[in-house]
Amino acid sequence: HEKLVHAPCGLFPRPVAQEADGSGVPKRTIQLFTFIGRLCAKAMLDGRLVDLCFAPPFYRHLLCCELGLEDLHDLSPQLFRSLHQLQALASERSRLLRAGGKPAEVAAAVASLTLHGCPVDQLGLDFTLPGFPDFELKPGGADVDVTIDNLGEYVRLVTDALLVGGVRAQLAAFRQGFSDVFLVSRLAPFTPSELDVLLNGARERWDKATVIELLKFDHGYTRSSAAISHLLDVIADLTDAQLASFLKFVTGSPRLPVGGLARLSPRLTIVQKKPESGVSPDAYLPSVMTCANYLKLPDYSSKEVMRERILTAINEGQGAFLLS
């Protein structure tokens, strides 16, 4: 059975209940995070791209930044919104208690605090991690209901479990594996976004006037060929996701190296794919040699046909490997 990872906001360790020293995490999990750390460090040292899109909080943790509730927005926007609303209620409760007044009036004001009209103790929450019913936020947490009085503690424990306590051993293993190649502390001058570029490459839009200076044309095509003009128009109109697929189809990586297209080596080369005698070029899909960044492009009858054939190739041909 093939297990797929779905992480639309980027990769981040799955929380595992563990002690402060990291005990409780399976040995195999630690081994894998250590290996990934070594892989990323070696790739960075050699100037290779790994195509592992880590979530921004992962990079912040790698840079020893302190993580808090706001960082959850980059992991799970929906969970962040829910916890942010709960935290607002907990903060309002604290404000009411600090303001003082007659005990009965304060108690009534606190009891009136609701989430969209629903009292906190009727939300069906307990002290287990959302999405992980076996992960108790504190001893016996499955039997402790969340109320307005312990709501602040609940939000704090959920945030800590997701960003710190539940991922401590995994991230420590990654850092150790990374430091086996070179010290992770040497990443300190970089920002999280710069680390992402170093590991995964750059994201950039392709401006037609600039890109044409960075491409190489051969075997039937020149920079003035109509097919080349059509190709650049098609590429300029691609969405970010489509452009990533096009890059992966042509180069094997969904992003460009640091420095963008100008640093791609070998240069992206466009050559004409000749049809067999009596067969229309429109009958062929473009093909590539990823090891040489080599795109074999038929001289299609129109830009519309070219766009359709390119989209078909990048969506359906990513896994194809044929000998020519």
# chains A, B, ... in the order shown; residues from 1 in each chain; ligands from 1
$ select_by_dssp --residues "range 43-277 of chain A" --states "helix (DSSP H, G or I)" --output "count of residues only"
126
$ residues_around --residues "Val155 in chain A" --least-positions-apart "2" --cutoff "8 Å" --atoms "only C-alpha atoms" --output "number ranges by chain"
A: 83, 86-87, 151-153, 157-159
$ write_last_selection --atoms "N, CA, C and O atoms" --output "PDB file, in the first residue's frame"
ATOM      1  N   LEU A  83      -7.871  28.355  16.960  1.00  0.00           N
ATOM      2  CA  LEU A  83      -7.139  28.596  18.202  1.00  0.00           C
ATOM      3  C   LEU A  83      -7.033  30.087  18.500  1.00  0.00           C
ATOM      4  O   LEU A  83      -7.061  30.494  19.670  1.00  0.00           O
ATOM      5  N   LEU A  86     -10.192  31.058  20.136  1.00  0.00           N
ATOM      6  CA  LEU A  86     -10.232  30.556  21.509  1.00  0.00           C
ATOM      7  C   LEU A  86      -9.299  31.361  22.405  1.00  0.00           C
ATOM      8  O   LEU A  86      -9.627  31.651  23.562  1.00  0.00           O
ATOM      9  N   GLN A  87      -8.142  31.726  21.888  1.00  0.00           N
ATOM     10  CA  GLN A  87      -7.205  32.522  22.671  1.00  0.00           C
ATOM     11  C   GLN A  87      -7.791  33.895  22.995  1.00  0.00           C
ATOM     12  O   GLN A  87      -7.574  34.445  24.086  1.00  0.00           O
ATOM     13  N   LEU A 151      -9.324  27.311  29.278  1.00  0.00           N
ATOM     14  CA  LEU A 151      -9.175  27.483  27.839  1.00  0.00           C
ATOM     15  C   LEU A 151      -7.774  27.983  27.465  1.00  0.00           C
ATOM     16  O   LEU A 151      -7.179  27.529  26.482  1.00  0.00           O
ATOM     17  N   GLY A 152      -7.249  28.937  28.235  1.00  0.00           N
ATOM     18  CA  GLY A 152      -5.918  29.455  27.944  1.00  0.00           C
ATOM     19  C   GLY A 152      -4.861  28.375  28.017  1.00  0.00           C
ATOM     20  O   GLY A 152      -3.942  28.314  27.176  1.00  0.00           O
ATOM     21  N   GLU A 153      -4.985  27.499  29.020  1.00  0.00           N
ATOM     22  CA  GLU A 153      -4.043  26.389  29.152  1.00  0.00           C
ATOM     23  C   GLU A 153      -4.149  25.446  27.958  1.00  0.00           C
ATOM     24  O   GLU A 153      -3.135  24.969  27.427  1.00  0.00           O
ATOM     25  N   LEU A 157      -1.113  24.517  25.401  1.00  0.00           N
ATOM     26  CA  LEU A 157      -0.625  23.144  25.283  1.00  0.00           C
ATOM     27  C   LEU A 157      -0.733  22.619  23.853  1.00  0.00           C
ATOM     28  O   LEU A 157       0.136  21.886  23.384  1.00  0.00           O
ATOM     29  N   VAL A 158      -1.802  22.989  23.140  1.00  0.00           N
ATOM     30  CA  VAL A 158      -1.940  22.578  21.742  1.00  0.00           C
ATOM     31  C   VAL A 158      -0.824  23.191  20.903  1.00  0.00           C
ATOM     32  O   VAL A 158      -0.175  22.510  20.093  1.00  0.00           O
ATOM     33  N   THR A 159      -0.587  24.478  21.104  1.00  0.00           N
ATOM     34  CA  THR A 159       0.457  25.166  20.350  1.00  0.00           C
ATOM     35  C   THR A 159       1.821  24.538  20.623  1.00  0.00           C
ATOM     36  O   THR A 159       2.610  24.296  19.699  1.00  0.00           O
TER      37      THR A 159
END
$ closest_atom_pairs --of "range 134-237 of chain A" --to "range 18-33 of chain A" --cutoff "9 Å" --atoms "only C-alpha atoms" --output "JSON lines"
{"residue": "A:Gly165", "atom": "CA", "partner": "A:Ala20", "partner_atom": "CA", "distance": 7.3}
{"residue": "A:Gly166", "atom": "CA", "partner": "A:Gln18", "partner_atom": "CA", "distance": 6.4}
{"residue": "A:Val167", "atom": "CA", "partner": "A:Gln18", "partner_atom": "CA", "distance": 8.5}
{"residue": "A:Arg168", "atom": "CA", "partner": "A:Gly22", "partner_atom": "CA", "distance": 6.4}
{"residue": "A:Ala169", "atom": "CA", "partner": "A:Gly22", "partner_atom": "CA", "distance": 4.7}
{"residue": "A:Gln170", "atom": "CA", "partner": "A:Ile30", "partner_atom": "CA", "distance": 5.9}
{"residue": "A:Leu171", "atom": "CA", "partner": "A:Phe33", "partner_atom": "CA", "distance": 7.3}
{"residue": "A:Ala172", "atom": "CA", "partner": "A:Phe33", "partner_atom": "CA", "distance": 8.5}
{"residue": "A:Ala173", "atom": "CA", "partner": "A:Phe33", "partner_atom": "CA", "distance": 5.6}
{"residue": "A:Phe174", "atom": "CA", "partner": "A:Phe33", "partner_atom": "CA", "distance": 4.8}
{"residue": "A:Arg175", "atom": "CA", "partner": "A:Phe33", "partner_atom": "CA", "distance": 8.6}
{"residue": "A:Gly177", "atom": "CA", "partner": "A:Phe33", "partner_atom": "CA", "distance": 7.5}
$ residues_around --residues "Asp51 in chain A" --least-positions-apart "4" --cutoff "9 Å" --atoms "only C-alpha atoms" --output "list in words"
Leu199, Asn200, Gly201, Ser253, Pro254 and Arg255 of chain A
$ residues_around --residues "Thr191 in chain A" --least-positions-apart "4" --cutoff "9 Å" --atoms "only C-alpha atoms" --output "PyMOL selection string"
chain A and resi 59-60+63+187+195-196
$ closest_atom_pairs --of "range 199-241 of chain A" --to "range 263-282 of chain A" --cutoff "10 Å" --atoms "only C-alpha atoms" --output "tab-separated table"
residue	atom	partner	partner_atom	distance
A:Leu214	CA	A:Arg267	CA	7.3
A:Leu215	CA	A:Leu268	CA	5.4
A:Lys216	CA	A:Thr269	CA	4.5
A:Phe217	CA	A:Ile270	CA	5.0
A:Asp218	CA	A:Val271	CA	5.0
A:His219	CA	A:Val271	CA	5.2
A:Gly220	CA	A:Gln272	CA	5.3
A:Tyr221	CA	A:Val271	CA	6.0
A:Thr222	CA	A:Val271	CA	8.9
A:Arg223	CA	A:Ile270	CA	9.7
A:Ala227	CA	A:Gln272	CA	9.1
A:Ile228	CA	A:Ile270	CA	8.2
A:Leu231	CA	A:Ile270	CA	9.7
$ select_by_dssp --residues "range 23-137 of chain A" --states "strand (DSSP E)" --output "PyMOL selection string"
chain A and resi 114-115+118-119+128-129+132-136
$ write_last_selection --atoms "all heavy atoms" --output "CSV table (one decimal), in the first residue's frame"
chain,number,residue,atom,x,y,z
A,114,THR,N,-18.7,33.4,24.8
A,114,THR,CA,-19.0,32.2,24.0
A,114,THR,C,-18.3,32.3,22.7
A,114,THR,O,-17.8,33.4,22.3
A,114,THR,CB,-20.6,32.2,23.7
A,114,THR,OG1,-20.9,33.3,23.0
A,114,THR,CG2,-21.3,32.0,25.0
A,115,LEU,N,-18.2,31.2,21.9
A,115,LEU,CA,-17.7,31.2,20.6
A,115,LEU,C,-18.8,31.1,19.6
A,115,LEU,O,-19.4,30.0,19.5
A,115,LEU,CB,-16.7,30.0,20.4
A,115,LEU,CG,-16.0,29.9,19.1
A,115,LEU,CD1,-15.0,31.1,18.9
A,115,LEU,CD2,-15.3,28.6,18.9
A,118,CYS,N,-21.8,29.8,21.3
A,118,CYS,CA,-21.7,28.5,21.9
A,118,CYS,C,-20.8,28.5,23.1
A,118,CYS,O,-19.6,28.9,22.9
A,118,CYS,CB,-21.2,27.4,20.9
A,118,CYS,SG,-21.1,25.7,21.6
A,119,PRO,N,-21.2,28.2,24.3
A,119,PRO,CA,-20.3,28.1,25.5
A,119,PRO,C,-19.1,27.2,25.2
A,119,PRO,O,-19.3,26.2,24.5
A,119,PRO,CB,-21.2,27.6,26.6
A,119,PRO,CG,-22.6,28.0,26.2
A,119,PRO,CD,-22.6,27.8,24.7
A,128,THR,N,-6.9,16.6,24.5
A,128,THR,CA,-6.1,15.8,23.5
A,128,THR,C,-5.8,16.7,22.3
A,128,THR,O,-6.5,17.7,22.1
A,128,THR,CB,-6.9,14.6,23.1
A,128,THR,OG1,-8.1,15.0,22.5
A,128,THR,CG2,-7.1,13.6,24.3
A,129,LEU,N,-4.8,16.4,21.6
A,129,LEU,CA,-4.4,17.2,20.5
A,129,LEU,C,-5.4,17.0,19.3
A,129,LEU,O,-5.7,15.9,18.9
A,129,LEU,CB,-3.0,16.8,20.0
A,129,LEU,CG,-2.3,17.6,19.0
A,129,LEU,CD1,-2.1,19.0,19.5
A,129,LEU,CD2,-0.9,17.0,18.6
A,132,PHE,N,-5.4,14.1,16.8
A,132,PHE,CA,-4.6,13.0,17.3
A,132,PHE,C,-5.2,12.6,18.7
A,132,PHE,O,-4.7,13.0,19.7
A,132,PHE,CB,-3.2,13.5,17.5
A,132,PHE,CG,-2.5,13.9,16.3
A,132,PHE,CD1,-2.6,15.3,15.9
A,132,PHE,CD2,-1.8,13.0,15.4
A,132,PHE,CE1,-2.0,15.7,14.7
A,132,PHE,CE2,-1.2,13.5,14.3
A,132,PHE,CZ,-1.3,14.8,13.9
A,133,PRO,N,-6.3,11.9,18.7
A,133,PRO,CA,-7.0,11.6,19.9
A,133,PRO,C,-6.2,10.8,20.9
A,133,PRO,O,-6.6,10.8,22.1
A,133,PRO,CB,-8.2,10.7,19.4
A,133,PRO,CG,-7.8,10.2,18.1
A,133,PRO,CD,-6.9,11.3,17.5
A,134,ASP,N,-5.1,10.1,20.5
A,134,ASP,CA,-4.3,9.4,21.5
A,134,ASP,C,-3.2,10.2,22.1
A,134,ASP,O,-2.4,9.8,22.9
A,134,ASP,CB,-3.7,8.2,20.8
A,134,ASP,CG,-4.7,7.2,20.3
A,134,ASP,OD1,-5.8,7.1,21.0
A,134,ASP,OD2,-4.5,6.5,19.3
A,135,PHE,N,-3.1,11.5,21.6
A,135,PHE,CA,-2.1,12.4,22.1
A,135,PHE,C,-2.7,13.2,23.2
A,135,PHE,O,-3.3,14.2,22.9
A,135,PHE,CB,-1.5,13.2,21.0
A,135,PHE,CG,-0.3,14.0,21.3
A,135,PHE,CD1,0.8,14.0,20.4
A,135,PHE,CD2,-0.2,14.8,22.4
A,135,PHE,CE1,2.0,14.7,20.7
A,135,PHE,CE2,1.0,15.5,22.7
A,135,PHE,CZ,2.0,15.5,21.9
A,136,GLU,N,-2.4,12.9,24.5
A,136,GLU,CA,-3.0,13.6,25.6
A,136,GLU,C,-2.0,14.8,25.9
A,136,GLU,O,-0.8,14.7,26.0
A,136,GLU,CB,-3.1,12.8,26.8
A,136,GLU,CG,-4.2,11.7,26.7
A,136,GLU,CD,-4.5,11.0,28.0
A,136,GLU,OE1,-3.6,10.8,28.8
A,136,GLU,OE2,-5.7,10.6,28.2
$ closest_residue --among "A:Glu308, A:Phe58, A:Asn150, A:Leu123" --to "Ser94 in chain A" --atoms "only C-alpha atoms"
A:Asn150
$ residues_around --residues "Glu204 in chain A" --least-positions-apart "4" --cutoff "12 Å" --atoms "only C-alpha atoms" --output "tab-separated table (two decimals) with all heavy atoms, in the first residue's frame"
chain	number	residue	atom	x	y	z
A	197	VAL	N	15.22	28.71	-0.66
A	197	VAL	CA	15.83	28.83	-1.98
A	197	VAL	C	17.07	27.97	-2.09
A	197	VAL	O	17.31	27.31	-3.11
A	197	VAL	CB	16.17	30.31	-2.28
A	197	VAL	CG1	16.98	30.43	-3.57
A	197	VAL	CG2	14.89	31.13	-2.40
A	210	THR	N	13.50	38.74	-21.18
A	210	THR	CA	14.69	38.29	-20.44
A	210	THR	C	15.02	36.85	-20.74
A	210	THR	O	16.18	36.49	-20.96
A	210	THR	CB	14.46	38.48	-18.93
A	210	THR	OG1	14.15	39.84	-18.67
A	210	THR	CG2	15.69	38.06	-18.15
A	211	VAL	N	14.00	36.01	-20.77
A	211	VAL	CA	14.21	34.57	-20.93
A	211	VAL	C	14.87	34.24	-22.26
A	211	VAL	O	15.74	33.36	-22.33
A	211	VAL	CB	12.86	33.82	-20.79
A	211	VAL	CG1	13.00	32.37	-21.23
A	211	VAL	CG2	12.38	33.88	-19.35
A	235	ILE	N	4.70	29.90	-22.10
A	235	ILE	CA	5.33	29.82	-20.79
A	235	ILE	C	4.95	31.01	-19.93
A	235	ILE	O	4.67	30.87	-18.73
A	235	ILE	CB	6.86	29.74	-20.94
A	235	ILE	CG1	7.27	28.39	-21.55
A	235	ILE	CG2	7.56	29.92	-19.59
A	235	ILE	CD1	8.75	28.26	-21.84
A	236	ALA	N	4.89	32.20	-20.52
A	236	ALA	CA	4.55	33.41	-19.77
A	236	ALA	C	3.14	33.36	-19.22
A	236	ALA	O	2.83	34.00	-18.21
A	236	ALA	CB	4.74	34.64	-20.65
A	238	LEU	N	1.61	30.55	-18.17
A	238	LEU	CA	1.42	29.43	-17.25
A	238	LEU	C	1.23	29.93	-15.82
A	238	LEU	O	1.80	30.93	-15.41
A	238	LEU	CB	2.62	28.48	-17.29
A	238	LEU	CG	2.89	27.73	-18.60
A	238	LEU	CD1	4.15	26.88	-18.47
A	238	LEU	CD2	1.71	26.87	-19.00
A	239	THR	N	0.41	29.23	-15.06
A	239	THR	CA	0.27	29.53	-13.64
A	239	THR	C	1.54	29.07	-12.92
A	239	THR	O	2.39	28.38	-13.49
A	239	THR	CB	-0.93	28.80	-13.04
A	239	THR	OG1	-0.70	27.38	-13.10
A	239	THR	CG2	-2.22	29.13	-13.80
A	240	ASP	N	1.68	29.46	-11.66
A	240	ASP	CA	2.86	29.05	-10.89
A	240	ASP	C	2.97	27.53	-10.83
A	240	ASP	O	4.06	26.97	-10.97
A	240	ASP	CB	2.78	29.62	-9.48
A	240	ASP	CG	3.01	31.12	-9.45
A	240	ASP	OD1	3.52	31.67	-10.45
A	240	ASP	OD2	2.66	31.76	-8.43
A	241	ALA	N	1.83	26.85	-10.61
A	241	ALA	CA	1.85	25.39	-10.54
A	241	ALA	C	2.21	24.78	-11.88
A	241	ALA	O	2.96	23.79	-11.95
A	241	ALA	CB	0.48	24.88	-10.07
A	243	LEU	N	3.99	26.22	-14.27
A	243	LEU	CA	5.38	26.50	-14.55
A	243	LEU	C	6.29	25.55	-13.78
A	243	LEU	O	7.31	25.08	-14.31
A	243	LEU	CB	5.71	27.95	-14.18
A	243	LEU	CG	7.15	28.41	-14.46
A	243	LEU	CD1	7.51	28.22	-15.92
A	243	LEU	CD2	7.33	29.86	-14.05
A	244	ALA	N	5.92	25.23	-12.53
A	244	ALA	CA	6.69	24.26	-11.75
A	244	ALA	C	6.67	22.89	-12.43
A	244	ALA	O	7.69	22.19	-12.50
A	244	ALA	CB	6.15	24.15	-10.33
A	247	LEU	N	8.95	23.03	-15.51
A	247	LEU	CA	10.36	22.93	-15.12
A	247	LEU	C	10.73	21.51	-14.72
A	247	LEU	O	11.80	21.01	-15.09
A	247	LEU	CB	10.64	23.88	-13.95
A	247	LEU	CG	10.83	25.35	-14.30
A	247	LEU	CD1	10.89	26.19	-13.03
A	247	LEU	CD2	12.09	25.54	-15.12
A	254	PRO	N	11.27	21.07	-9.98
A	254	PRO	CA	10.19	22.05	-10.16
A	254	PRO	C	10.64	23.49	-9.95
A	254	PRO	O	9.85	24.41	-10.15
A	254	PRO	CB	9.16	21.64	-9.10
A	254	PRO	CG	9.97	21.00	-8.04
A	254	PRO	CD	11.09	20.29	-8.74
A	255	ARG	N	11.86	23.69	-9.53
A	255	ARG	CA	12.37	25.05	-9.34
A	255	ARG	C	13.74	25.19	-9.99
A	255	ARG	O	14.43	24.21	-10.26
A	255	ARG	CB	12.47	25.40	-7.86
A	255	ARG	CG	11.14	25.46	-7.15
A	255	ARG	CD	11.29	26.35	-5.92
A	255	ARG	NE	10.52	25.83	-4.80
A	255	ARG	CZ	10.61	26.28	-3.56
A	255	ARG	NH1	11.46	27.24	-3.29
A	255	ARG	NH2	9.88	25.77	-2.60
A	256	LEU	N	14.13	26.44	-10.18
A	256	LEU	CA	15.43	26.76	-10.75
A	256	LEU	C	16.48	26.89	-9.65
A	256	LEU	O	16.14	27.13	-8.49
A	256	LEU	CB	15.35	28.07	-11.54
A	256	LEU	CG	14.48	28.03	-12.79
A	256	LEU	CD1	14.22	29.45	-13.29
A	256	LEU	CD2	15.14	27.20	-13.88
A	257	PRO	N	17.75	26.73	-9.97
A	257	PRO	CA	18.79	26.88	-8.95
A	257	PRO	C	18.88	28.32	-8.47
A	257	PRO	O	18.27	29.23	-9.04
A	257	PRO	CB	20.06	26.46	-9.69
A	257	PRO	CG	19.76	26.68	-11.13
A	257	PRO	CD	18.31	26.39	-11.28
A	258	VAL	N	19.64	28.52	-7.40
A	258	VAL	CA	19.85	29.88	-6.90
A	258	VAL	C	20.44	30.73	-8.03
A	258	VAL	O	21.41	30.35	-8.67
A	258	VAL	CB	20.82	29.86	-5.70
A	258	VAL	CG1	21.08	31.28	-5.21
A	258	VAL	CG2	20.25	29.00	-4.58
A	259	GLY	N	19.82	31.86	-8.27
A	259	GLY	CA	20.24	32.70	-9.39
A	259	GLY	C	19.31	32.60	-10.57
A	259	GLY	O	19.45	33.35	-11.55
A	260	GLY	N	18.34	31.66	-10.50
A	260	GLY	CA	17.34	31.55	-11.54
A	260	GLY	C	17.80	30.88	-12.81
A	260	GLY	O	18.78	30.13	-12.84
A	261	LEU	N	17.11	31.18	-13.90
A	261	LEU	CA	17.37	30.54	-15.18
A	261	LEU	C	18.80	30.80	-15.67
A	261	LEU	O	19.39	29.96	-16.35
A	261	LEU	CB	16.36	31.05	-16.21
A	261	LEU	CG	16.34	30.35	-17.58
A	261	LEU	CD1	16.04	28.87	-17.44
A	261	LEU	CD2	15.33	31.02	-18.49
A	262	ALA	N	19.36	31.94	-15.30
A	262	ALA	CA	20.73	32.27	-15.73
A	262	ALA	C	21.76	31.31	-15.16
A	262	ALA	O	22.85	31.15	-15.73
A	262	ALA	CB	21.07	33.70	-15.32
$ atom_distance --atom1 "CA of Gly101 in chain A" --atom2 "CA of Asp121 in chain A"
24.1 Å
$ closest_residue --among "A:Val184, A:Val144, A:Leu162, A:Ala7" --to "Leu79 in chain A" --atoms "only C-alpha atoms"
A:Leu162
$ residues_around --residues "Val288 in chain A" --least-positions-apart "5" --cutoff "9 Å" --atoms "only C-alpha atoms" --output "PyMOL selection string"
chain A and resi 249-251+293-297
$ closest_residue --among "A:Ala313, A:Leu163, A:Val120, A:Ala283" --to "Glu66 in chain A" --atoms "only C-alpha atoms"
A:Leu163
$ residues_around --residues "Phe182 in chain A" --least-positions-apart "4" --cutoff "9 Å" --atoms "only C-alpha atoms" --output "PDB file with all heavy atoms, in the first residue's frame"
ATOM      1  N   ARG A  38      21.088  14.863   7.014  1.00  0.00           N
ATOM      2  CA  ARG A  38      22.345  14.665   6.283  1.00  0.00           C
ATOM      3  C   ARG A  38      22.152  14.912   4.788  1.00  0.00           C
ATOM      4  O   ARG A  38      22.998  15.526   4.133  1.00  0.00           O
ATOM      5  CB  ARG A  38      22.850  13.238   6.500  1.00  0.00           C
ATOM      6  CG  ARG A  38      23.354  12.953   7.914  1.00  0.00           C
ATOM      7  CD  ARG A  38      23.737  11.509   8.074  1.00  0.00           C
ATOM      8  NE  ARG A  38      24.140  11.199   9.453  1.00  0.00           N
ATOM      9  CZ  ARG A  38      23.954  10.021  10.018  1.00  0.00           C
ATOM     10  NH1 ARG A  38      23.388   9.040   9.335  1.00  0.00           N
ATOM     11  NH2 ARG A  38      24.360   9.817  11.258  1.00  0.00           N
ATOM     12  N   ALA A  41      21.913  18.681   4.110  1.00  0.00           N
ATOM     13  CA  ALA A  41      23.203  19.351   4.270  1.00  0.00           C
ATOM     14  C   ALA A  41      24.133  19.021   3.112  1.00  0.00           C
ATOM     15  O   ALA A  41      24.825  19.905   2.584  1.00  0.00           O
ATOM     16  CB  ALA A  41      23.839  18.936   5.597  1.00  0.00           C
ATOM     17  N   LYS A  42      24.161  17.761   2.713  1.00  0.00           N
ATOM     18  CA  LYS A  42      25.029  17.360   1.599  1.00  0.00           C
ATOM     19  C   LYS A  42      24.578  18.015   0.302  1.00  0.00           C
ATOM     20  O   LYS A  42      25.411  18.483  -0.497  1.00  0.00           O
ATOM     21  CB  LYS A  42      25.007  15.838   1.462  1.00  0.00           C
ATOM     22  CG  LYS A  42      25.900  15.280   0.345  1.00  0.00           C
ATOM     23  CD  LYS A  42      27.355  15.637   0.553  1.00  0.00           C
ATOM     24  CE  LYS A  42      28.227  14.954  -0.509  1.00  0.00           C
ATOM     25  NZ  LYS A  42      29.630  15.433  -0.441  1.00  0.00           N
ATOM     26  N   LEU A  45      25.625  21.610   0.418  1.00  0.00           N
ATOM     27  CA  LEU A  45      27.075  21.718   0.266  1.00  0.00           C
ATOM     28  C   LEU A  45      27.487  21.553  -1.191  1.00  0.00           C
ATOM     29  O   LEU A  45      28.399  22.232  -1.678  1.00  0.00           O
ATOM     30  CB  LEU A  45      27.752  20.651   1.126  1.00  0.00           C
ATOM     31  CG  LEU A  45      29.249  20.816   1.415  1.00  0.00           C
ATOM     32  CD1 LEU A  45      29.504  22.087   2.223  1.00  0.00           C
ATOM     33  CD2 LEU A  45      29.766  19.596   2.178  1.00  0.00           C
ATOM     34  N   PHE A 178      22.118  16.971  10.065  1.00  0.00           N
ATOM     35  CA  PHE A 178      22.642  18.091   9.284  1.00  0.00           C
ATOM     36  C   PHE A 178      24.064  18.428   9.737  1.00  0.00           C
ATOM     37  O   PHE A 178      24.972  18.607   8.918  1.00  0.00           O
ATOM     38  CB  PHE A 178      21.730  19.306   9.440  1.00  0.00           C
ATOM     39  CG  PHE A 178      21.947  20.381   8.423  1.00  0.00           C
ATOM     40  CD1 PHE A 178      21.094  20.515   7.341  1.00  0.00           C
ATOM     41  CD2 PHE A 178      23.005  21.275   8.535  1.00  0.00           C
ATOM     42  CE1 PHE A 178      21.280  21.504   6.392  1.00  0.00           C
ATOM     43  CE2 PHE A 178      23.204  22.277   7.597  1.00  0.00           C
ATOM     44  CZ  PHE A 178      22.345  22.385   6.514  1.00  0.00           C
ATOM     45  N   ARG A 186      25.872  27.292  11.144  1.00  0.00           N
ATOM     46  CA  ARG A 186      26.381  28.121  10.051  1.00  0.00           C
ATOM     47  C   ARG A 186      25.259  28.658   9.156  1.00  0.00           C
ATOM     48  O   ARG A 186      25.502  29.473   8.269  1.00  0.00           O
ATOM     49  CB  ARG A 186      27.380  27.328   9.209  1.00  0.00           C
ATOM     50  CG  ARG A 186      28.656  26.964   9.969  1.00  0.00           C
ATOM     51  CD  ARG A 186      29.668  26.285   9.078  1.00  0.00           C
ATOM     52  NE  ARG A 186      30.884  25.970   9.800  1.00  0.00           N
ATOM     53  CZ  ARG A 186      31.943  25.360   9.269  1.00  0.00           C
ATOM     54  NH1 ARG A 186      31.907  24.998   7.990  1.00  0.00           N
ATOM     55  NH2 ARG A 186      33.011  25.105   9.992  1.00  0.00           N
TER      56      ARG A 186
END
$ atom_distance --atom1 "CA of Ala109 in chain A" --atom2 "CA of Asp126 in chain A"
23.2 Å
